[in-house]
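See structure below.
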Amino acid sequence: MRSRKPSQAPVPPDPAERPPAADLDSIREAALRMLERRRRSRSELARRLREKGHDPPAIETVLDRLAEVGLVDDVDYARAWLRERWGRKAAGRRRLEQELRGRGISSEAIAEARAALETEVGPMDEIAAARRVIEQAARRHARLDPRARRQRVYALLARRGFDGDVIRQALEIPEEAAPEE
């Protein structure tokens with residue numbers, strides 16, 4: 001019969017095990033230099049600092065402090081990133097959120113950022129974005145029969161991150177007649 005180990009409360013770090021202040025200063029300076037150039041997510045900063053050979057526990061200490069003073073904020077990063085990409089890049093919400101998750105942003109931070117952005121600029125019109133993609137692809141697929149054209153456009157929109165309901169609604173809107181010359 002195995003004996004159970006008693007659960008132990010977390011032991012506070014020994015002051016002798018804390019990184020020296022000089023290390024924390026050099027990590028902080030490196031992080032601030034990176035943030036000077038452009039906005040970065042917490043996970044990107046941590047990865048870049050680890051690549052430079054800094055100690056992971058010390059990196060977390062510095063990033064915690066930078067987050068406390070507002071210099072590292074994943075929600076703000078995601079909001080700014082979505083704001084920039086939404087109007088410029090014809091992609092669906094799912095794809096944009098997937099790209100943010102690839103940058104190390106949590107789903108909760110993405111949802112909070114999207115909500116904040118929608119209160120600033122209004123709801124995102126995915127159908128209009130999907131229509132832009134359809135119009136861009138119209139010439140490429142003009143010679144195909146209607147069924148094949150619809151299948152190709154549907155697949156293109158799905159790859160761009162639009163969900164099925166948005167794609168169907170965008171495809172139901174009749175193509176506008178081309179202006180005559």
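Going through the structure tokens in order, the chains are called A, B, and so on, while each chain numbers its residues from 1 and the ligands are numbered from 1 in the order shown.
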
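For A:Leu71, the non-local neighbours within 9 Å, defined as residues at least 4 positions apart in the same chain or in other chains and counting only C-alpha atoms, are Leu32, Leu35, Leu63, Arg65, Leu66 and Ala67 of chain A.
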
Saved selection, atoms kept: N, CA and C atoms, as a compact mmCIF listing (two decimals), in the first residue's frame:
```
# COMPACT_ATOMS: atom_id res chain seq x y z
N LEU A 32 12.66 46.80 -22.53
CA LEU A 32 12.27 48.17 -22.88
C LEU A 32 12.77 48.56 -24.27
N LEU A 35 10.39 47.05 -26.67
CA LEU A 35 9.12 47.76 -26.66
C LEU A 35 9.21 49.14 -27.30
N LEU A 63 8.76 40.81 -16.47
CA LEU A 63 7.52 40.98 -17.23
C LEU A 63 6.33 41.25 -16.32
N ARG A 65 6.47 42.90 -13.55
CA ARG A 65 6.61 44.31 -13.16
C ARG A 65 6.21 45.24 -14.31
N LEU A 66 6.62 44.90 -15.53
CA LEU A 66 6.25 45.73 -16.68
C LEU A 66 4.73 45.70 -16.91
N ALA A 67 4.11 44.57 -16.63
CA ALA A 67 2.65 44.47 -16.75
C ALA A 67 1.97 45.32 -15.69
```

Tell me which protein, DNA and RNA residues are within 6 Å of stretch 90-96 of chain A, counting only C-alpha atoms, leaving out same-chain ones fewer than 3 positions away, and put them as a ChimeraX atom specification.
/A:99,129,160-162

Could the residues in this selection be written to a file with all heavy atoms, as a PDB file, in the first residue's frame?
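File written: out-v4.pdb
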```pdb
ATOM      1  N   GLU A  99      -4.509  33.867 -35.542  1.00  0.00           N
ATOM      2  CA  GLU A  99      -3.193  34.497 -35.652  1.00  0.00           C
ATOM      3  C   GLU A  99      -2.758  35.079 -34.304  1.00  0.00           C
ATOM      4  O   GLU A  99      -1.588  34.983 -33.935  1.00  0.00           O
ATOM      5  CB  GLU A  99      -3.205  35.576 -36.730  1.00  0.00           C
ATOM      6  CG  GLU A  99      -3.275  35.014 -38.130  1.00  0.00           C
ATOM      7  CD  GLU A  99      -3.316  36.088 -39.201  1.00  0.00           C
ATOM      8  OE1 GLU A  99      -2.903  37.244 -38.936  1.00  0.00           O
ATOM      9  OE2 GLU A  99      -3.769  35.777 -40.317  1.00  0.00           O
ATOM     10  N   ALA A 129     -16.708  42.213 -45.363  1.00  0.00           N
ATOM     11  CA  ALA A 129     -15.335  41.764 -45.634  1.00  0.00           C
ATOM     12  C   ALA A 129     -15.347  40.562 -46.569  1.00  0.00           C
ATOM     13  O   ALA A 129     -14.518  40.466 -47.489  1.00  0.00           O
ATOM     14  CB  ALA A 129     -14.631  41.421 -44.329  1.00  0.00           C
ATOM     15  N   ARG A 160      -9.828  31.891 -45.471  1.00  0.00           N
ATOM     16  CA  ARG A 160      -9.595  33.221 -44.911  1.00  0.00           C
ATOM     17  C   ARG A 160     -10.203  33.396 -43.525  1.00  0.00           C
ATOM     18  O   ARG A 160     -10.122  34.467 -42.940  1.00  0.00           O
ATOM     19  CB  ARG A 160     -10.175  34.294 -45.831  1.00  0.00           C
ATOM     20  CG  ARG A 160      -9.496  34.424 -47.170  1.00  0.00           C
ATOM     21  CD  ARG A 160      -8.332  35.397 -47.095  1.00  0.00           C
ATOM     22  NE  ARG A 160      -7.719  35.578 -48.380  1.00  0.00           N
ATOM     23  CZ  ARG A 160      -7.897  36.630 -49.152  1.00  0.00           C
ATOM     24  NH1 ARG A 160      -8.670  37.610 -48.774  1.00  0.00           N
ATOM     25  NH2 ARG A 160      -7.284  36.706 -50.312  1.00  0.00           N
ATOM     26  N   GLY A 161     -10.859  32.363 -43.006  1.00  0.00           N
ATOM     27  CA  GLY A 161     -11.332  32.417 -41.631  1.00  0.00           C
ATOM     28  C   GLY A 161     -12.778  32.832 -41.443  1.00  0.00           C
ATOM     29  O   GLY A 161     -13.191  33.120 -40.321  1.00  0.00           O
ATOM     30  N   PHE A 162     -13.553  32.857 -42.512  1.00  0.00           N
ATOM     31  CA  PHE A 162     -14.973  33.179 -42.370  1.00  0.00           C
ATOM     32  C   PHE A 162     -15.726  31.908 -42.033  1.00  0.00           C
ATOM     33  O   PHE A 162     -15.428  30.848 -42.573  1.00  0.00           O
ATOM     34  CB  PHE A 162     -15.516  33.787 -43.672  1.00  0.00           C
ATOM     35  CG  PHE A 162     -14.903  35.112 -44.008  1.00  0.00           C
ATOM     36  CD1 PHE A 162     -13.858  35.204 -44.908  1.00  0.00           C
ATOM     37  CD2 PHE A 162     -15.362  36.271 -43.399  1.00  0.00           C
ATOM     38  CE1 PHE A 162     -13.285  36.420 -45.218  1.00  0.00           C
ATOM     39  CE2 PHE A 162     -14.793  37.496 -43.698  1.00  0.00           C
ATOM     40  CZ  PHE A 162     -13.759  37.572 -44.604  1.00  0.00           C
TER      41      PHE A 162
END
```

Taking only C-alpha atoms into account, which of A:Leu49, A:Val62, A:Ala130, A:Leu117 comes nearest A:Glu84?
A:Leu117

Please identify which residues in stretch 64-139 of chain A DSSP calls alpha helix (DSSP H) from the backbone, and express them as a PyMOL selection string.
chain A and resi 64-68+74-88+93-102+107-121+126-138

Considering only C-alpha atoms, return as a PDB file with N, CA and C atoms, in the first residue's frame whatever protein or nucleic-acid residues lie within 12 Å of stretch 101-107 of chain A, sequence-local ones (same chain, fewer than 4 positions apart) excluded.
```pdb
ATOM      1  N   ARG A  40       4.652  44.703 -28.340  1.00  0.00           N
ATOM      2  CA  ARG A  40       4.859  43.254 -28.355  1.00  0.00           C
ATOM      3  C   ARG A  40       3.998  42.591 -27.290  1.00  0.00           C
ATOM      4  N   SER A  41       3.671  41.325 -27.548  1.00  0.00           N
ATOM      5  CA  SER A  41       2.919  40.560 -26.559  1.00  0.00           C
ATOM      6  C   SER A  41       3.876  40.056 -25.482  1.00  0.00           C
ATOM      7  N   ARG A  42       3.310  39.675 -24.363  1.00  0.00           N
ATOM      8  CA  ARG A  42       4.119  39.156 -23.258  1.00  0.00           C
ATOM      9  C   ARG A  42       4.887  37.908 -23.681  1.00  0.00           C
ATOM     10  N   SER A  43       4.210  37.001 -24.390  1.00  0.00           N
ATOM     11  CA  SER A  43       4.886  35.760 -24.783  1.00  0.00           C
ATOM     12  C   SER A  43       6.006  36.028 -25.785  1.00  0.00           C
ATOM     13  N   GLU A  44       5.817  37.002 -26.666  1.00  0.00           N
ATOM     14  CA  GLU A  44       6.881  37.341 -27.610  1.00  0.00           C
ATOM     15  C   GLU A  44       8.092  37.918 -26.870  1.00  0.00           C
ATOM     16  N   LEU A  45       7.834  38.794 -25.918  1.00  0.00           N
ATOM     17  CA  LEU A  45       8.938  39.338 -25.122  1.00  0.00           C
ATOM     18  C   LEU A  45       9.677  38.232 -24.377  1.00  0.00           C
ATOM     19  N   ALA A  46       8.923  37.332 -23.745  1.00  0.00           N
ATOM     20  CA  ALA A  46       9.541  36.237 -22.985  1.00  0.00           C
ATOM     21  C   ALA A  46      10.391  35.363 -23.905  1.00  0.00           C
ATOM     22  N   ARG A  47       9.856  35.045 -25.082  1.00  0.00           N
ATOM     23  CA  ARG A  47      10.606  34.202 -26.029  1.00  0.00           C
ATOM     24  C   ARG A  47      11.885  34.885 -26.477  1.00  0.00           C
ATOM     25  N   VAL A  72       3.329  46.213 -20.587  1.00  0.00           N
ATOM     26  CA  VAL A  72       3.030  44.942 -21.256  1.00  0.00           C
ATOM     27  C   VAL A  72       1.581  44.612 -20.937  1.00  0.00           C
ATOM     28  N   ASP A  73       0.743  44.636 -21.971  1.00  0.00           N
ATOM     29  CA  ASP A  73      -0.691  44.392 -21.792  1.00  0.00           C
ATOM     30  C   ASP A  73      -1.195  43.647 -23.021  1.00  0.00           C
ATOM     31  N   ASP A  74      -1.450  42.357 -22.865  1.00  0.00           N
ATOM     32  CA  ASP A  74      -1.869  41.537 -23.998  1.00  0.00           C
ATOM     33  C   ASP A  74      -3.229  41.946 -24.546  1.00  0.00           C
ATOM     34  N   VAL A  75      -4.133  42.418 -23.700  1.00  0.00           N
ATOM     35  CA  VAL A  75      -5.449  42.855 -24.180  1.00  0.00           C
ATOM     36  C   VAL A  75      -5.285  44.083 -25.058  1.00  0.00           C
ATOM     37  N   ASP A  76      -4.497  45.033 -24.619  1.00  0.00           N
ATOM     38  CA  ASP A  76      -4.263  46.244 -25.402  1.00  0.00           C
ATOM     39  C   ASP A  76      -3.531  45.902 -26.705  1.00  0.00           C
ATOM     40  N   TYR A  77      -2.566  45.003 -26.622  1.00  0.00           N
ATOM     41  CA  TYR A  77      -1.839  44.549 -27.810  1.00  0.00           C
ATOM     42  C   TYR A  77      -2.817  43.933 -28.813  1.00  0.00           C
ATOM     43  N   ALA A  78      -3.691  43.045 -28.352  1.00  0.00           N
ATOM     44  CA  ALA A  78      -4.647  42.368 -29.232  1.00  0.00           C
ATOM     45  C   ALA A  78      -5.641  43.361 -29.828  1.00  0.00           C
ATOM     46  N   ARG A  79      -6.095  44.329 -29.034  1.00  0.00           N
ATOM     47  CA  ARG A  79      -7.033  45.332 -29.539  1.00  0.00           C
ATOM     48  C   ARG A  79      -6.399  46.148 -30.658  1.00  0.00           C
ATOM     49  N   TRP A  81      -3.825  45.310 -32.503  1.00  0.00           N
ATOM     50  CA  TRP A  81      -3.530  44.418 -33.625  1.00  0.00           C
ATOM     51  C   TRP A  81      -4.792  44.165 -34.441  1.00  0.00           C
ATOM     52  N   ARG A  94     -12.370  34.485 -37.185  1.00  0.00           N
ATOM     53  CA  ARG A  94     -11.695  33.261 -36.731  1.00  0.00           C
ATOM     54  C   ARG A  94     -10.218  33.262 -37.104  1.00  0.00           C
ATOM     55  N   ARG A  95      -9.900  33.692 -38.310  1.00  0.00           N
ATOM     56  CA  ARG A  95      -8.501  33.692 -38.737  1.00  0.00           C
ATOM     57  C   ARG A  95      -7.686  34.714 -37.957  1.00  0.00           C
ATOM     58  N   LEU A  96      -8.249  35.881 -37.753  1.00  0.00           N
ATOM     59  CA  LEU A  96      -7.534  36.904 -36.990  1.00  0.00           C
ATOM     60  C   LEU A  96      -7.281  36.430 -35.559  1.00  0.00           C
ATOM     61  N   GLU A  97      -8.286  35.801 -34.963  1.00  0.00           N
ATOM     62  CA  GLU A  97      -8.115  35.282 -33.603  1.00  0.00           C
ATOM     63  C   GLU A  97      -7.098  34.148 -33.567  1.00  0.00           C
ATOM     64  N   ALA A 111     -10.950  37.852 -26.590  1.00  0.00           N
ATOM     65  CA  ALA A 111     -12.372  38.198 -26.461  1.00  0.00           C
ATOM     66  C   ALA A 111     -12.535  39.575 -25.833  1.00  0.00           C
ATOM     67  N   GLU A 112     -11.754  39.866 -24.817  1.00  0.00           N
ATOM     68  CA  GLU A 112     -11.821  41.172 -24.154  1.00  0.00           C
ATOM     69  C   GLU A 112     -11.391  42.281 -25.114  1.00  0.00           C
ATOM     70  N   ALA A 113     -10.353  42.028 -25.897  1.00  0.00           N
ATOM     71  CA  ALA A 113      -9.863  43.019 -26.861  1.00  0.00           C
ATOM     72  C   ALA A 113     -10.899  43.263 -27.956  1.00  0.00           C
ATOM     73  N   ARG A 114     -11.520  42.199 -28.446  1.00  0.00           N
ATOM     74  CA  ARG A 114     -12.537  42.334 -29.494  1.00  0.00           C
ATOM     75  C   ARG A 114     -13.721  43.135 -28.974  1.00  0.00           C
TER      76      ARG A 114
END
```

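Between atom CA of A:Ala158 and atom CA of A:Glu120 the separation is 27.4 Å.
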
Find the residues near A:Arg140: any atom within 12 Å, counting only C-alpha atoms, skip ones fewer than 6 places away on the same chain, and give them as a PyMOL selection string.
chain A and resi 133-134+149+152-153+156

Take the residues that were just selected and, keeping all heavy atoms, output them as a PDB file, in the first residue's frame.
```
ATOM      1  N   VAL A 133     -13.723  40.002 -50.535  1.00  0.00           N
ATOM      2  CA  VAL A 133     -12.948  38.861 -51.027  1.00  0.00           C
ATOM      3  C   VAL A 133     -13.616  38.287 -52.274  1.00  0.00           C
ATOM      4  O   VAL A 133     -12.943  37.958 -53.257  1.00  0.00           O
ATOM      5  CB  VAL A 133     -12.800  37.777 -49.936  1.00  0.00           C
ATOM      6  CG1 VAL A 133     -12.137  36.527 -50.497  1.00  0.00           C
ATOM      7  CG2 VAL A 133     -12.013  38.314 -48.763  1.00  0.00           C
ATOM      8  N   ILE A 134     -14.935  38.180 -52.259  1.00  0.00           N
ATOM      9  CA  ILE A 134     -15.666  37.643 -53.415  1.00  0.00           C
ATOM     10  C   ILE A 134     -15.434  38.527 -54.632  1.00  0.00           C
ATOM     11  O   ILE A 134     -15.171  38.030 -55.735  1.00  0.00           O
ATOM     12  CB  ILE A 134     -17.174  37.520 -53.092  1.00  0.00           C
ATOM     13  CG1 ILE A 134     -17.401  36.425 -52.056  1.00  0.00           C
ATOM     14  CG2 ILE A 134     -17.982  37.243 -54.363  1.00  0.00           C
ATOM     15  CD1 ILE A 134     -18.819  36.384 -51.487  1.00  0.00           C
ATOM     16  N   ARG A 149     -17.635  27.866 -59.522  1.00  0.00           N
ATOM     17  CA  ARG A 149     -17.243  29.183 -59.010  1.00  0.00           C
ATOM     18  C   ARG A 149     -17.648  29.319 -57.551  1.00  0.00           C
ATOM     19  O   ARG A 149     -16.861  29.754 -56.715  1.00  0.00           O
ATOM     20  CB  ARG A 149     -17.879  30.281 -59.858  1.00  0.00           C
ATOM     21  CG  ARG A 149     -17.515  31.675 -59.367  1.00  0.00           C
ATOM     22  CD  ARG A 149     -18.024  32.802 -60.254  1.00  0.00           C
ATOM     23  NE  ARG A 149     -19.369  32.617 -60.731  1.00  0.00           N
ATOM     24  CZ  ARG A 149     -19.707  32.558 -62.014  1.00  0.00           C
ATOM     25  NH1 ARG A 149     -18.787  32.651 -62.946  1.00  0.00           N
ATOM     26  NH2 ARG A 149     -20.967  32.405 -62.368  1.00  0.00           N
ATOM     27  N   ARG A 152     -15.376  27.200 -55.308  1.00  0.00           N
ATOM     28  CA  ARG A 152     -14.039  27.784 -55.151  1.00  0.00           C
ATOM     29  C   ARG A 152     -14.063  29.006 -54.236  1.00  0.00           C
ATOM     30  O   ARG A 152     -13.181  29.181 -53.401  1.00  0.00           O
ATOM     31  CB  ARG A 152     -13.455  28.175 -56.512  1.00  0.00           C
ATOM     32  CG  ARG A 152     -13.207  27.002 -57.402  1.00  0.00           C
ATOM     33  CD  ARG A 152     -11.749  26.828 -57.701  1.00  0.00           C
ATOM     34  NE  ARG A 152     -11.543  25.674 -58.531  1.00  0.00           N
ATOM     35  CZ  ARG A 152     -11.045  25.724 -59.758  1.00  0.00           C
ATOM     36  NH1 ARG A 152     -10.698  26.880 -60.289  1.00  0.00           N
ATOM     37  NH2 ARG A 152     -10.882  24.619 -60.443  1.00  0.00           N
ATOM     38  N   VAL A 153     -15.060  29.830 -54.416  1.00  0.00           N
ATOM     39  CA  VAL A 153     -15.174  31.032 -53.584  1.00  0.00           C
ATOM     40  C   VAL A 153     -15.465  30.633 -52.134  1.00  0.00           C
ATOM     41  O   VAL A 153     -14.896  31.212 -51.204  1.00  0.00           O
ATOM     42  CB  VAL A 153     -16.243  31.996 -54.145  1.00  0.00           C
ATOM     43  CG1 VAL A 153     -16.536  33.119 -53.171  1.00  0.00           C
ATOM     44  CG2 VAL A 153     -15.776  32.563 -55.475  1.00  0.00           C
ATOM     45  N   LEU A 156     -12.249  29.491 -50.644  1.00  0.00           N
ATOM     46  CA  LEU A 156     -11.372  30.642 -50.414  1.00  0.00           C
ATOM     47  C   LEU A 156     -11.778  31.377 -49.134  1.00  0.00           C
ATOM     48  O   LEU A 156     -10.932  31.702 -48.293  1.00  0.00           O
ATOM     49  CB  LEU A 156     -11.421  31.595 -51.606  1.00  0.00           C
ATOM     50  CG  LEU A 156     -10.721  32.942 -51.444  1.00  0.00           C
ATOM     51  CD1 LEU A 156      -9.216  32.743 -51.297  1.00  0.00           C
ATOM     52  CD2 LEU A 156     -11.024  33.852 -52.612  1.00  0.00           C
TER      53      LEU A 156
END
```

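What separates atom CA of A:Ala138 from atom CA of A:Met124 is a distance of 23.2 Å.
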
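We find atom CA of A:Leu157 and atom CA of A:Ala170 to be spaced 9.8 Å apart.
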